[in-house]
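Reproduced below: data-v8.cif, with mmCIF, C-alpha atoms and all ligand atoms.
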```
data_data
#
loop_
_atom_site.label_atom_id
_atom_site.label_comp_id
_atom_site.auth_asym_id
_atom_site.auth_seq_id
_atom_site.Cartn_x
_atom_site.Cartn_y
_atom_site.Cartn_z
CA MET A 1 -4.82 17.04 -33.21
CA ARG A 2 -6.48 14.34 -35.27
CA ARG A 3 -7.55 10.89 -34.24
CA PHE A 4 -5.54 8.02 -35.73
CA PRO A 5 -6.46 6.23 -37.88
CA PRO A 6 -8.67 9.02 -39.23
CA ALA A 7 -12.24 7.83 -39.58
CA GLY A 8 -13.91 8.17 -42.99
CA SER A 9 -11.95 10.97 -44.64
CA PRO A 10 -9.25 10.11 -47.20
CA ALA A 11 -5.93 9.44 -45.45
CA ARG A 12 -3.36 12.25 -45.61
CA PRO A 13 0.25 11.45 -46.55
CA VAL A 14 1.30 11.77 -42.89
CA ASP A 15 -1.34 9.29 -41.84
CA ARG A 16 -0.34 6.86 -44.58
CA LEU A 17 3.30 7.12 -43.50
CA LEU A 18 2.43 6.56 -39.85
CA ALA A 19 0.10 3.68 -40.68
CA ARG A 20 2.88 1.96 -42.59
CA ARG A 21 5.41 2.52 -39.82
CA LEU A 22 2.91 1.27 -37.23
CA ASP A 23 2.26 -1.90 -39.24
CA GLU A 24 5.99 -2.46 -39.57
CA ALA A 25 6.55 -1.96 -35.85
CA LEU A 26 3.76 -4.32 -34.87
CA ALA A 27 4.91 -6.98 -37.34
CA ARG A 28 8.09 -7.42 -35.31
CA PRO A 29 8.28 -10.19 -32.69
CA ALA A 30 6.38 -9.15 -29.55
CA ALA A 31 7.15 -10.83 -26.24
CA GLN A 32 4.53 -11.46 -23.54
CA GLN A 33 1.40 -11.27 -25.73
CA PRO A 34 -1.61 -13.52 -25.05
CA ARG A 35 -2.90 -15.87 -27.69
CA TRP A 36 -6.57 -14.91 -28.07
CA PRO A 37 -8.50 -18.15 -28.73
CA GLU A 38 -10.75 -16.39 -31.25
CA PRO A 39 -8.64 -13.76 -33.05
CA GLU A 40 -11.64 -12.33 -34.93
CA GLN A 41 -13.21 -11.41 -31.57
CA ALA A 42 -10.03 -9.55 -30.67
CA SER A 43 -10.13 -7.69 -34.00
CA ALA A 44 -13.73 -6.67 -33.33
CA VAL A 45 -12.84 -5.32 -29.87
CA ILE A 46 -9.82 -3.42 -31.24
CA GLY A 47 -12.06 -1.98 -33.97
CA ARG A 48 -14.53 -0.71 -31.38
CA LEU A 49 -11.74 0.70 -29.20
CA HIS A 50 -10.60 2.82 -32.17
CA HIS A 51 -13.75 4.85 -31.58
CA ALA A 52 -13.56 4.89 -27.79
CA ASP A 53 -12.91 8.07 -25.84
CA PRO A 54 -9.28 8.85 -25.10
CA ILE A 55 -8.27 8.57 -21.43
CA VAL A 56 -5.75 11.41 -21.64
CA ALA A 57 -5.57 14.52 -23.79
CA PRO A 58 -2.48 15.08 -25.98
CA GLU A 59 -2.21 18.61 -24.52
CA GLU A 60 -1.71 17.13 -21.05
CA THR A 61 0.98 14.83 -22.38
CA ALA A 62 2.73 17.80 -23.99
CA ARG A 63 2.66 19.63 -20.65
CA LEU A 64 4.21 16.59 -18.96
CA SER A 65 6.98 16.59 -21.58
CA GLY A 66 7.83 20.13 -20.48
CA ARG A 67 7.91 19.12 -16.82
CA LEU A 68 10.15 16.17 -17.61
CA ALA A 69 12.57 18.40 -19.51
CA SER A 70 13.10 20.19 -16.16
CA VAL A 71 13.75 16.87 -14.46
CA ALA A 72 16.32 15.93 -17.11
CA ARG A 73 18.06 19.27 -16.56
CA GLY A 74 18.28 18.73 -12.80
CA ALA A 75 15.63 21.31 -11.86
CA ALA A 76 12.84 18.95 -10.74
CA PHE A 77 12.37 15.47 -9.24
CA LEU A 78 10.17 12.69 -10.60
CA LEU A 79 8.04 10.56 -8.30
CA GLN A 80 6.18 7.65 -9.87
CA GLY A 81 4.23 5.08 -7.91
CA GLY A 82 1.19 2.92 -7.38
CA ASP A 83 0.02 -0.66 -7.61
CA CYS A 84 2.07 -3.32 -9.36
CA ALA A 85 -1.14 -4.50 -10.99
CA GLU A 86 -4.45 -2.67 -10.86
CA THR A 87 -7.56 -4.84 -10.88
CA PHE A 88 -11.11 -4.12 -12.02
CA ALA A 89 -12.41 -5.11 -8.57
CA GLY A 90 -9.91 -2.79 -6.90
CA ASN A 91 -10.85 0.18 -9.08
CA THR A 92 -12.81 1.85 -6.31
CA GLU A 93 -12.87 5.42 -5.11
CA SER A 94 -11.43 4.49 -1.71
CA HIS A 95 -8.48 2.60 -3.20
CA LEU A 96 -7.68 5.29 -5.78
CA ARG A 97 -7.99 7.98 -3.12
CA ALA A 98 -5.64 6.11 -0.78
CA ASN A 99 -3.03 5.60 -3.51
CA LEU A 100 -3.20 9.22 -4.66
CA ARG A 101 -2.91 10.44 -1.08
CA VAL A 102 0.23 8.41 -0.44
CA LEU A 103 1.76 9.72 -3.68
CA GLU A 104 0.97 13.32 -2.72
CA ARG A 105 2.37 12.87 0.79
CA MET A 106 5.60 11.43 -0.53
CA ALA A 107 5.84 14.25 -3.08
CA ALA A 108 5.42 16.88 -0.37
CA VAL A 109 8.26 15.41 1.71
CA LEU A 110 10.55 15.01 -1.31
CA GLY A 111 9.78 18.45 -2.72
CA GLN A 112 10.61 20.16 0.52
CA ALA A 113 13.90 18.32 0.87
CA ALA A 114 14.92 18.78 -2.76
CA GLY A 115 13.87 22.43 -2.88
CA MET A 116 12.47 21.77 -6.33
CA PRO A 117 9.15 20.83 -7.90
CA VAL A 118 8.14 17.18 -7.85
CA VAL A 119 6.49 15.76 -10.97
CA LYS A 120 3.92 13.16 -9.91
CA ILE A 121 3.07 10.18 -12.10
CA ALA A 122 0.69 7.51 -10.80
CA ARG A 123 0.80 3.88 -11.86
CA MET A 124 -2.95 4.15 -12.32
CA ALA A 125 -5.87 4.24 -14.76
CA GLY A 126 -4.52 1.52 -17.02
CA GLN A 127 -1.94 -0.63 -15.19
CA TYR A 128 -3.83 -3.83 -16.02
CA ALA A 129 -1.31 -5.92 -18.02
CA LYS A 130 1.51 -7.92 -16.43
CA PRO A 131 4.59 -9.59 -17.92
CA ARG A 132 5.19 -13.03 -16.43
CA SER A 133 8.20 -15.35 -16.12
CA ASN A 134 6.29 -18.52 -17.08
CA ALA A 135 3.46 -19.15 -19.53
CA VAL A 136 1.76 -21.62 -17.18
CA ASP A 137 1.33 -21.69 -13.40
CA THR A 138 2.03 -24.51 -10.93
CA LEU A 139 -1.32 -26.15 -11.77
CA GLY A 140 -0.50 -26.10 -15.48
CA LEU A 141 -3.08 -23.36 -16.16
CA PRO A 142 -2.28 -20.40 -18.43
CA VAL A 143 -0.69 -17.82 -16.17
CA TYR A 144 -2.58 -14.70 -15.00
CA ARG A 145 -1.50 -11.81 -17.28
CA GLY A 146 -3.48 -9.05 -15.62
CA ASP A 147 -7.18 -8.18 -15.65
CA ILE A 148 -6.91 -6.84 -19.21
CA VAL A 149 -6.22 -10.40 -20.43
CA ASN A 150 -7.66 -12.99 -18.04
CA SER A 151 -8.74 -13.59 -14.44
CA ALA A 152 -6.48 -14.53 -11.52
CA GLU A 153 -9.01 -17.21 -10.50
CA ARG A 154 -7.56 -20.70 -10.86
CA THR A 155 -9.87 -22.34 -13.39
CA PRO A 156 -9.23 -23.06 -17.07
CA ALA A 157 -12.16 -20.86 -18.12
CA ALA A 158 -11.04 -17.89 -15.99
CA ARG A 159 -7.49 -18.11 -17.30
CA THR A 160 -8.46 -18.24 -20.98
CA PRO A 161 -7.49 -14.89 -22.55
CA ASP A 162 -10.66 -12.87 -23.27
CA PRO A 163 -10.29 -9.88 -25.63
CA HIS A 164 -13.48 -8.27 -24.27
CA ARG A 165 -11.41 -7.54 -21.18
CA MET A 166 -9.61 -4.86 -23.21
CA ALA A 167 -12.89 -2.95 -23.46
CA ARG A 168 -13.45 -3.36 -19.71
CA ALA A 169 -9.91 -2.14 -19.06
CA HIS A 170 -10.57 0.94 -21.14
CA ALA A 171 -13.82 1.67 -19.29
CA ASN A 172 -12.14 1.15 -15.92
CA ALA A 173 -9.25 3.41 -16.91
CA ALA A 174 -11.64 6.13 -18.06
CA GLY A 175 -13.47 5.97 -14.73
CA ALA A 176 -10.23 6.05 -12.75
CA MET A 177 -8.95 9.03 -14.73
CA GLU A 178 -12.17 10.93 -14.08
CA LEU A 179 -11.57 10.38 -10.39
CA VAL A 180 -7.94 11.49 -10.63
CA ARG A 181 -9.06 14.72 -12.28
CA GLY A 182 -11.70 15.26 -9.61
CA LEU A 183 -9.53 14.45 -6.61
CA CYS A 184 -6.17 15.97 -7.39
CA ALA A 185 -5.61 19.61 -6.70
CA GLY A 186 -2.23 19.66 -8.45
CA GLU A 187 -1.05 17.91 -11.58
CA VAL A 188 -0.98 14.13 -11.44
CA TYR A 189 -0.17 12.24 -14.63
CA ILE A 190 -0.96 8.61 -15.33
CA SER A 191 1.25 5.78 -16.52
CA HIS A 192 1.23 2.08 -17.21
CA GLU A 193 3.49 -0.50 -18.80
CA MET A 194 2.76 -0.51 -22.53
CA LEU A 195 2.72 -4.24 -22.73
CA LEU A 196 -0.41 -5.42 -24.51
CA LEU A 197 0.05 -4.07 -28.02
CA ASP A 198 -3.47 -4.90 -29.23
CA TYR A 199 -4.65 -2.44 -26.60
CA GLU A 200 -1.92 0.17 -26.94
CA ARG A 201 -2.50 0.59 -30.66
CA ALA A 202 -6.20 1.25 -30.27
CA VAL A 203 -6.35 4.89 -29.17
CA LEU A 204 -3.79 7.13 -30.86
CA TRP A 205 -3.61 10.73 -32.07
CA VAL A 206 -1.53 12.21 -34.84
CA ASP A 207 1.02 14.72 -33.53
CA ALA A 208 2.47 16.57 -36.48
CA ALA A 209 3.98 19.39 -34.40
CA GLY A 210 7.39 17.87 -33.68
CA PRO A 211 10.46 17.31 -35.87
CA GLU A 212 8.71 14.33 -37.46
CA PRO A 213 5.07 13.19 -37.35
CA ARG A 214 4.41 10.88 -34.45
CA LEU A 215 1.55 9.24 -32.58
CA SER A 216 0.36 10.38 -29.18
CA SER A 217 -1.13 7.71 -26.94
CA GLY A 218 -4.65 8.45 -25.80
CA LEU A 219 -4.30 5.82 -23.07
CA ALA A 220 -1.56 7.20 -20.80
CA HIS A 221 0.58 10.30 -20.46
CA PHE A 222 3.66 8.23 -19.69
CA PRO A 223 3.84 4.66 -21.02
CA TRP A 224 6.88 2.59 -20.19
CA ILE A 225 8.59 -0.47 -21.65
CA GLY A 226 9.22 -3.26 -19.15
CA ASP A 227 12.44 -5.16 -18.58
CA ARG A 228 11.03 -8.27 -20.28
CA THR A 229 9.86 -6.58 -23.49
CA ARG A 230 12.77 -4.31 -24.34
CA GLN A 231 14.26 -6.47 -27.13
CA LEU A 232 15.99 -4.08 -29.52
CA ASP A 233 14.54 -5.88 -32.55
CA GLY A 234 11.10 -6.31 -30.96
CA ALA A 235 7.73 -4.68 -31.40
CA HIS A 236 7.62 -2.74 -28.12
CA VAL A 237 10.71 -0.63 -28.80
CA ALA A 238 9.63 -0.08 -32.42
CA PHE A 239 6.16 1.02 -31.25
CA ALA A 240 7.65 3.38 -28.65
CA GLU A 241 9.79 4.97 -31.37
CA LEU A 242 6.59 6.14 -33.05
CA LEU A 243 5.18 7.81 -29.96
CA ALA A 244 5.26 11.51 -29.16
CA ASN A 245 4.77 10.76 -25.44
CA PRO A 246 7.62 10.87 -22.97
CA ILE A 247 8.46 7.25 -22.29
CA GLY A 248 10.18 5.10 -19.71
CA LEU A 249 12.42 2.11 -20.26
CA LYS A 250 13.20 -0.33 -17.45
CA ILE A 251 16.77 -1.53 -17.45
CA GLY A 252 17.90 -4.50 -15.39
CA PRO A 253 21.44 -5.68 -14.64
CA SER A 254 21.81 -7.54 -17.96
CA VAL A 255 21.86 -4.26 -19.94
CA THR A 256 25.31 -3.34 -21.21
CA PRO A 257 26.46 0.29 -21.55
CA GLU A 258 26.53 -0.22 -25.34
CA GLN A 259 22.93 -1.43 -25.36
CA ALA A 260 21.91 1.50 -23.17
CA VAL A 261 23.32 3.91 -25.75
CA GLU A 262 21.51 2.03 -28.51
CA TYR A 263 18.22 2.46 -26.61
CA VAL A 264 18.89 6.14 -26.14
CA ARG A 265 19.63 6.66 -29.85
CA ARG A 266 16.48 4.81 -30.88
CA LEU A 267 14.14 6.32 -28.34
CA ASP A 268 15.52 9.87 -28.20
CA PRO A 269 16.43 10.49 -31.86
CA HIS A 270 15.91 14.26 -31.65
CA ARG A 271 17.84 14.74 -28.41
CA THR A 272 14.87 16.03 -26.47
CA PRO A 273 15.67 16.49 -22.77
CA GLY A 274 13.40 14.22 -20.73
CA ARG A 275 11.91 12.39 -23.71
CA LEU A 276 13.39 9.16 -22.32
CA THR A 277 13.47 8.05 -18.70
CA LEU A 278 15.89 5.21 -18.00
CA VAL A 279 14.49 3.34 -15.03
CA SER A 280 17.28 1.31 -13.45
CA ARG A 281 16.18 -1.72 -11.42
CA MET A 282 19.44 -3.43 -10.63
CA GLY A 283 18.95 -4.74 -7.11
CA HIS A 284 20.65 -3.28 -4.07
CA THR A 285 23.70 -5.55 -4.28
CA LEU A 286 24.46 -4.65 -7.93
CA VAL A 287 23.48 -1.02 -8.41
CA ARG A 288 26.81 0.45 -7.30
CA ASP A 289 28.75 -1.74 -9.77
CA VAL A 290 26.42 -2.02 -12.76
CA LEU A 291 24.99 1.49 -13.03
CA PRO A 292 28.14 3.68 -13.29
CA PRO A 293 29.42 2.49 -16.70
CA ILE A 294 25.89 2.82 -18.11
CA VAL A 295 25.52 6.38 -16.83
CA GLU A 296 28.97 7.33 -18.10
CA LYS A 297 28.41 5.96 -21.60
CA VAL A 298 24.93 7.49 -21.98
CA ASN A 299 26.20 10.78 -20.63
CA ALA A 300 29.05 10.80 -23.12
CA SER A 301 26.49 10.33 -25.91
CA GLY A 302 25.14 13.80 -25.08
CA HIS A 303 21.50 12.73 -24.70
CA GLU A 304 19.73 14.30 -21.70
CA VAL A 305 17.78 11.40 -20.22
CA ILE A 306 16.08 11.19 -16.85
CA TRP A 307 17.73 8.76 -14.45
CA GLN A 308 15.07 7.14 -12.30
CA CYS A 309 15.53 4.38 -9.72
CA ASP A 310 13.05 1.52 -9.38
CA PRO A 311 14.23 -0.02 -6.09
CA MET A 312 11.52 -2.70 -6.11
CA HIS A 313 11.96 -5.13 -9.00
CA GLY A 314 15.61 -6.04 -8.44
CA ASN A 315 14.95 -6.84 -4.80
CA THR A 316 12.13 -9.38 -5.00
CA ARG A 317 12.45 -12.67 -3.12
CA THR A 318 10.27 -15.46 -1.74
CA SER A 319 9.80 -15.56 2.02
CA GLY A 320 10.22 -18.76 4.02
CA ASN A 321 6.43 -19.07 4.13
CA GLY A 322 6.07 -18.71 0.36
CA TYR A 323 5.20 -15.03 -0.23
CA LYS A 324 6.76 -12.89 -2.95
CA THR A 325 8.17 -10.01 -0.94
CA ARG A 326 10.83 -7.31 -0.61
CA HIS A 327 12.65 -5.94 2.38
CA PHE A 328 12.30 -2.23 3.15
CA ASP A 329 16.04 -2.00 3.92
CA HIS A 330 16.96 -3.36 0.48
CA VAL A 331 14.64 -0.83 -1.17
CA VAL A 332 16.29 2.03 0.73
CA ASP A 333 19.76 0.65 0.02
CA GLU A 334 19.19 0.50 -3.74
CA ILE A 335 18.12 4.16 -3.76
CA ALA A 336 21.15 5.04 -1.60
CA GLY A 337 23.41 3.30 -4.13
CA PHE A 338 21.67 5.12 -6.99
CA PHE A 339 22.29 8.48 -5.28
CA GLU A 340 25.92 7.59 -4.56
CA VAL A 341 26.54 6.74 -8.21
CA HIS A 342 24.97 9.93 -9.52
CA ARG A 343 26.65 12.14 -6.94
CA ARG A 344 30.01 10.68 -7.86
CA LEU A 345 29.45 11.10 -11.60
CA GLY A 346 27.89 14.55 -11.31
CA THR A 347 24.56 13.49 -12.85
CA HIS A 348 21.09 14.22 -11.49
CA PRO A 349 19.45 11.40 -9.51
CA GLY A 350 16.20 12.39 -11.19
CA GLY A 351 13.55 10.29 -9.54
CA ILE A 352 12.16 7.12 -8.05
CA HIS A 353 9.58 4.58 -9.27
CA VAL A 354 7.90 2.58 -6.50
CA GLU A 355 5.15 0.03 -5.97
CA VAL A 356 3.12 1.47 -3.14
CA THR A 357 -0.44 1.67 -1.86
CA GLY A 358 -2.22 3.75 0.74
CA ASP A 359 -4.04 0.61 1.89
CA ASP A 360 -2.83 -0.99 5.10
CA VAL A 361 -1.28 -4.08 3.52
CA THR A 362 1.43 -6.44 4.78
CA GLU A 363 3.35 -7.28 1.61
CA CYS A 364 6.88 -5.89 2.09
CA LEU A 365 9.04 -6.78 5.09
CA GLY A 366 10.57 -4.32 7.54
CA GLY A 367 9.98 -0.64 8.20
CA SER A 368 9.52 0.76 11.68
CA SER A 369 6.42 -1.37 12.34
CA GLY A 370 8.74 -4.35 11.82
CA ILE A 371 6.68 -6.44 9.41
CA ALA A 372 8.03 -9.98 9.70
CA GLU A 373 7.50 -13.02 7.49
CA THR A 374 4.82 -14.29 9.86
CA ASP A 375 2.92 -10.98 9.40
CA LEU A 376 2.72 -11.30 5.59
CA PRO A 377 -0.42 -13.52 5.45
CA ALA A 378 -2.48 -11.04 7.51
CA ARG A 379 -3.13 -8.51 4.72
CA TYR A 380 -1.30 -9.71 1.62
CA ARG A 381 -3.64 -8.34 -1.07
CA THR A 382 -1.61 -7.57 -4.19
CA ALA A 383 -2.62 -9.03 -7.54
CA CYS A 384 1.05 -9.31 -8.49
CA ASP A 385 4.12 -7.80 -6.77
CA PRO A 386 4.38 -6.68 -3.11
CA ARG A 387 3.78 -2.98 -2.40
CA LEU A 388 4.99 -0.71 0.35
CA ASN A 389 2.12 0.32 2.63
CA ALA A 390 1.41 3.91 3.65
CA GLY A 391 3.64 3.73 6.73
CA GLN A 392 6.57 2.26 4.81
CA ALA A 393 6.02 4.80 2.02
CA GLY A 394 6.27 7.67 4.50
CA GLU A 395 9.47 6.27 5.96
CA LEU A 396 10.90 5.77 2.47
CA ALA A 397 10.10 9.38 1.58
CA SER A 398 11.93 10.55 4.73
CA ALA A 399 14.94 8.39 3.88
CA VAL A 400 15.07 9.74 0.33
CA ALA A 401 14.59 13.28 1.67
CA ARG A 402 17.77 12.80 3.71
CA MET A 403 19.59 11.70 0.55
CA LEU A 404 18.27 14.73 -1.37
CA ARG A 405 19.52 17.08 1.36
CA GLY A 406 22.85 15.31 0.86
C1 LIG B 501 6.63 -3.70 -13.03
O1 LIG B 501 6.94 -2.50 -13.07
O2 LIG B 501 5.64 -4.12 -12.42
C2 LIG B 501 7.52 -4.67 -13.71
C3 LIG B 501 7.09 -5.82 -14.17
O3 LIG B 501 8.80 -4.24 -13.76
P1 LIG B 501 10.06 -4.75 -14.62
O4 LIG B 501 9.65 -4.65 -16.06
O5 LIG B 501 11.12 -3.77 -14.25
O6 LIG B 501 10.37 -6.15 -14.17
MN MN B 502 5.72 -5.11 -10.36
#
```
Represent the structure contained in this file as structure tokens.
Ligand code: PEP
Ligand code: MN
Amino acid sequence: MRRFPPAGSPARPVDRLLARRLDEALARPAAQQPRWPEPEQASAVIGRLHHADPIVAPEETARLSGRLASVARGAAFLLQGGDCAETFAGNTESHLRANLRVLERMAAVLGQAAGMPVVKIARMAGQYAKPRSNAVDTLGLPVYRGDIVNSAERTPAARTPDPHRMARAHANAAGAMELVRGLCAGEVYISHEMLLLDYERAVLWVDAAGPEPRLSSGLAHFPWIGDRTRQLDGAHVAFAELLANPIGLKIGPSVTPEQAVEYVRRLDPHRTPGRLTLVSRMGHTLVRDVLPPIVEKVNASGHEVIWQCDPMHGNTRTSGNGYKTRHFDHVVDEIAGFFEVHRRLGTHPGGIHVEVTGDDVTECLGGSSGIAETDLPARYRTACDPRLNAGQAGELASAVARMLRG
């Protein structure tokens, strides 16, 4: 496969076509992008990243596509998990090891219960960009958008978007991926939200093998579109249409069945089983009502998508003492609702997507150790959303194992 855009040599027709489609996609309105104070600096960084090493190989991504086809057909289960937001400071061997270990432990429990292979995808080696609800924080400072954009520190200088952080993100991701390859005995793929388009466009390959020429991301095996950037006329969906990678799309309770079918048509034009993973994040009180008509309508369209449950993002609340948190019971209940819906409709509850760490944090409430609101300050370490700790992750895996055994 060739690097895109091809350096030096005269552009081939395929490359010219893809370059035009990429320009068109990126000219669309893009939500959640920083405003770089000096755009020419950003251009220089993007130019250098065009020559940077890829983090993942297109051959690995192609292998993942095969694994995900099995998930879509009901013959495998998909487990995705890791930090809400990775940080440069947290990109240490001990943290990565802990997160990979918790993912592998959960996979072992789930695989045994399901009696099928578990495809493991880490939120790792690139999960540095965060969508935010407000542009400014309570002090009136530009909001923290992840280490790839600015610093969480509360000063005007630290919060000013700095495009050089994209180069640091790339270097951190490359280091993390090297560790993943060294530590993992089995296959572990990497994923992040494809949010920051200046970064996502920088490392691409031309994949001319499929039904139409597409671009393969060199930055992640499995990029996903977040709930806040899935506008049908926006840049993120248009960019994802150009990718050869399997992709995820988060869908919250505002998605209608008609919109869901529109997403599926756009993002799975060649009806490739497992090309698209619909990640429902409805909240435990809504999943049983909102998900069924979506599943029915997408199913009737004939596309073989993966149905994955994110039981975290629809269940976020603020504790009495001011911490963003989630209750373990709500997380379990959303997955239970997801399984009930799919069992009733005869579709495969294909996987789960969780925010989890192997570190001993106190960020989510509940679980058998009974984390209470007053326990949250003790070890609340996340850079963004609250994660299950290793104990809660193990209990969640056991609960889901019971659902898989039916
Ligand atoms: C996330 O996965 O961290 C996230 C922001 O999720 P969502 O887009 O579903 O809100
Ligand atoms: Mn999150």
Margin query: Hey, which residues sit close to ligand LIG 501 (chain B)? Say within 6 Å, counting all atoms listed in the file, and write them as a PyMOL selection string.
Written below: chain A and resi 84+131+226-228+250+313
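Counting all atoms listed in the file, Asp360 in chain A has the following residues at most 12 Å away, ignoring those fewer than 4 positions along the same chain: His95, Ala98, Asn99, Val102, Val356, Cys364, Ser369, Ile371, Leu376, Ala378, Arg379, Tyr380, Arg381, Thr382, Arg387, Leu388, Asn389, Ala390, Gly391, Gln392 and Ala393 of chain A.
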Next item on the list: Please extract the residues at most 8 Å from ligand MN 502 (chain B), counting all atoms listed in the file, and provide them as a list of chain:residue names, using the chain letters and residue numbers of this document.
Entry: A:Asp83, A:Cys84, A:Ala85, A:Lys130, A:Met312, A:His313, A:Glu355, A:Cys384, A:Asp385, A:Pro386
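Taking CA of Ile352 in chain A and CA of Val237 in chain A as the two end points, the separation is 22.2 Å.
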Can you tell me which residues surround range 184-199 of chain A at a distance of at most 8 Å, considering all atoms listed in the file, apart from same-chain residues fewer than 4 positions away, and format the answer as a short mmCIF file (atom, residue, chain, number, x, y, z; two decimals) with C-alpha atoms, in the frame of the given file?
```cif
data_model
loop_
_atom_site.label_atom_id
_atom_site.label_comp_id
_atom_site.auth_asym_id
_atom_site.auth_seq_id
_atom_site.Cartn_x
_atom_site.Cartn_y
_atom_site.Cartn_z
CA LEU A 26 3.76 -4.32 -34.87
CA GLN A 32 4.53 -11.46 -23.54
CA GLN A 33 1.40 -11.27 -25.73
CA ILE A 46 -9.82 -3.42 -31.24
CA LEU A 64 4.21 16.59 -18.96
CA LEU A 100 -3.20 9.22 -4.66
CA VAL A 119 6.49 15.76 -10.97
CA LYS A 120 3.92 13.16 -9.91
CA ILE A 121 3.07 10.18 -12.10
CA ALA A 122 0.69 7.51 -10.80
CA ARG A 123 0.80 3.88 -11.86
CA MET A 124 -2.95 4.15 -12.32
CA ALA A 125 -5.87 4.24 -14.76
CA GLY A 126 -4.52 1.52 -17.02
CA GLN A 127 -1.94 -0.63 -15.19
CA TYR A 128 -3.83 -3.83 -16.02
CA ALA A 129 -1.31 -5.92 -18.02
CA LYS A 130 1.51 -7.92 -16.43
CA PRO A 131 4.59 -9.59 -17.92
CA MET A 166 -9.61 -4.86 -23.21
CA VAL A 180 -7.94 11.49 -10.63
CA VAL A 203 -6.35 4.89 -29.17
CA ALA A 220 -1.56 7.20 -20.80
CA HIS A 221 0.58 10.30 -20.46
CA PHE A 222 3.66 8.23 -19.69
CA PRO A 223 3.84 4.66 -21.02
CA TRP A 224 6.88 2.59 -20.19
CA ILE A 225 8.59 -0.47 -21.65
CA GLY A 226 9.22 -3.26 -19.15
CA THR A 229 9.86 -6.58 -23.49
CA HIS A 236 7.62 -2.74 -28.12
#
```
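The closest residue to Ala383 in chain A, picked from A:Leu243, A:Leu141, A:Ala152, A:Val305 and counting only C-alpha atoms, is A:Ala152.
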Using only C-alpha atoms, what table do you get, as JSON lines, when you list each residue of range 161-246 of chain A with an atom no more than 6 Å from range 5-25 of chain A, its nearest pair of atoms, and their distance in Å rounded to one decimal, rows by chain then rising number?
```
{"residue": "A:Ala235", "atom": "CA", "partner": "A:Ala25", "partner_atom": "CA", "distance": 5.3}
{"residue": "A:Ala238", "atom": "CA", "partner": "A:Ala25", "partner_atom": "CA", "distance": 5.0}
{"residue": "A:Phe239", "atom": "CA", "partner": "A:Ala25", "partner_atom": "CA", "distance": 5.5}
```
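The list of residues with at least one atom within 12 Å of His330 in chain A, based on all atoms listed in the file and without residues fewer than 6 positions apart in the same chain, reads Met282, Gly283, His284, Thr285, Leu286, Val287, Asp310, Pro311, Met312, His313, Gly314, Asn315, Thr316, Arg317, Ala336, Gly337, Cys364, Leu365, Gly366, Gly367 and Leu396 of chain A.
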Could you please take those selected residues and save C-alpha atoms as a PDB file, in the coordinates of the input?
```
ATOM      1  CA  MET A 282      19.440  -3.430 -10.630  1.00  0.00           C
ATOM      2  CA  GLY A 283      18.950  -4.740  -7.110  1.00  0.00           C
ATOM      3  CA  HIS A 284      20.650  -3.280  -4.070  1.00  0.00           C
ATOM      4  CA  THR A 285      23.700  -5.550  -4.280  1.00  0.00           C
ATOM      5  CA  LEU A 286      24.460  -4.650  -7.930  1.00  0.00           C
ATOM      6  CA  VAL A 287      23.480  -1.020  -8.410  1.00  0.00           C
ATOM      7  CA  ASP A 310      13.050   1.520  -9.380  1.00  0.00           C
ATOM      8  CA  PRO A 311      14.230  -0.020  -6.090  1.00  0.00           C
ATOM      9  CA  MET A 312      11.520  -2.700  -6.110  1.00  0.00           C
ATOM     10  CA  HIS A 313      11.960  -5.130  -9.000  1.00  0.00           C
ATOM     11  CA  GLY A 314      15.610  -6.040  -8.440  1.00  0.00           C
ATOM     12  CA  ASN A 315      14.950  -6.840  -4.800  1.00  0.00           C
ATOM     13  CA  THR A 316      12.130  -9.380  -5.000  1.00  0.00           C
ATOM     14  CA  ARG A 317      12.450 -12.670  -3.120  1.00  0.00           C
ATOM     15  CA  ALA A 336      21.150   5.040  -1.600  1.00  0.00           C
ATOM     16  CA  GLY A 337      23.410   3.300  -4.130  1.00  0.00           C
ATOM     17  CA  CYS A 364       6.880  -5.890   2.090  1.00  0.00           C
ATOM     18  CA  LEU A 365       9.040  -6.780   5.090  1.00  0.00           C
ATOM     19  CA  GLY A 366      10.570  -4.320   7.540  1.00  0.00           C
ATOM     20  CA  GLY A 367       9.980  -0.640   8.200  1.00  0.00           C
ATOM     21  CA  LEU A 396      10.900   5.770   2.470  1.00  0.00           C
TER      22      LEU A 396
END
```
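For the atom pair formed by CA of Gly406 in chain A and CA of Arg281 in chain A, the distance is 22.0 Å, given to one decimal.
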Next item on the list: Give me the residues within 10 Å of Leu183 in chain A as an NGL selection string, counting all atoms listed in the file and dropping any in the same chain fewer than 4 places off.
Entry: :A and (93 or 96-97 or 100-101 or 177-179 or 188)
Note to self: Can you pull out the residues contacting Gly350 in chain A? Cut-off 9 Å, using all atoms listed in the file, and skip same-chain residues under 4 positions away; I want them as a PyMOL selection string.
What the structure shows: chain A and resi 71-79+306-309
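From CA of Leu267 in chain A back to CA of Leu215 in chain A, the distance works out to 13.6 Å.
Distances to Gly66 in chain A were evaluated for A:Pro293, A:Pro246, A:Gly351, A:Pro142 using only C-alpha atoms, and the minimum falls at A:Pro246.
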Determine, using all atoms listed in the file, which residues of range 238-313 of chain A have any atom at most 9 Å from an atom of range 208-213 of chain A, and tabulate each with its shortest atom pair and distance in Å to one decimal place, rows ordered by chain and then rising number, as a Markdown table.
```
| residue | atom | partner | partner_atom | distance |
| --- | --- | --- | --- | --- |
| A:Leu242 | CA | A:Pro213 | CA | 8.4 |
| A:Ala244 | CA | A:Gly210 | CA | 8.1 |
| A:His270 | CA | A:Pro211 | CA | 7.5 |
```
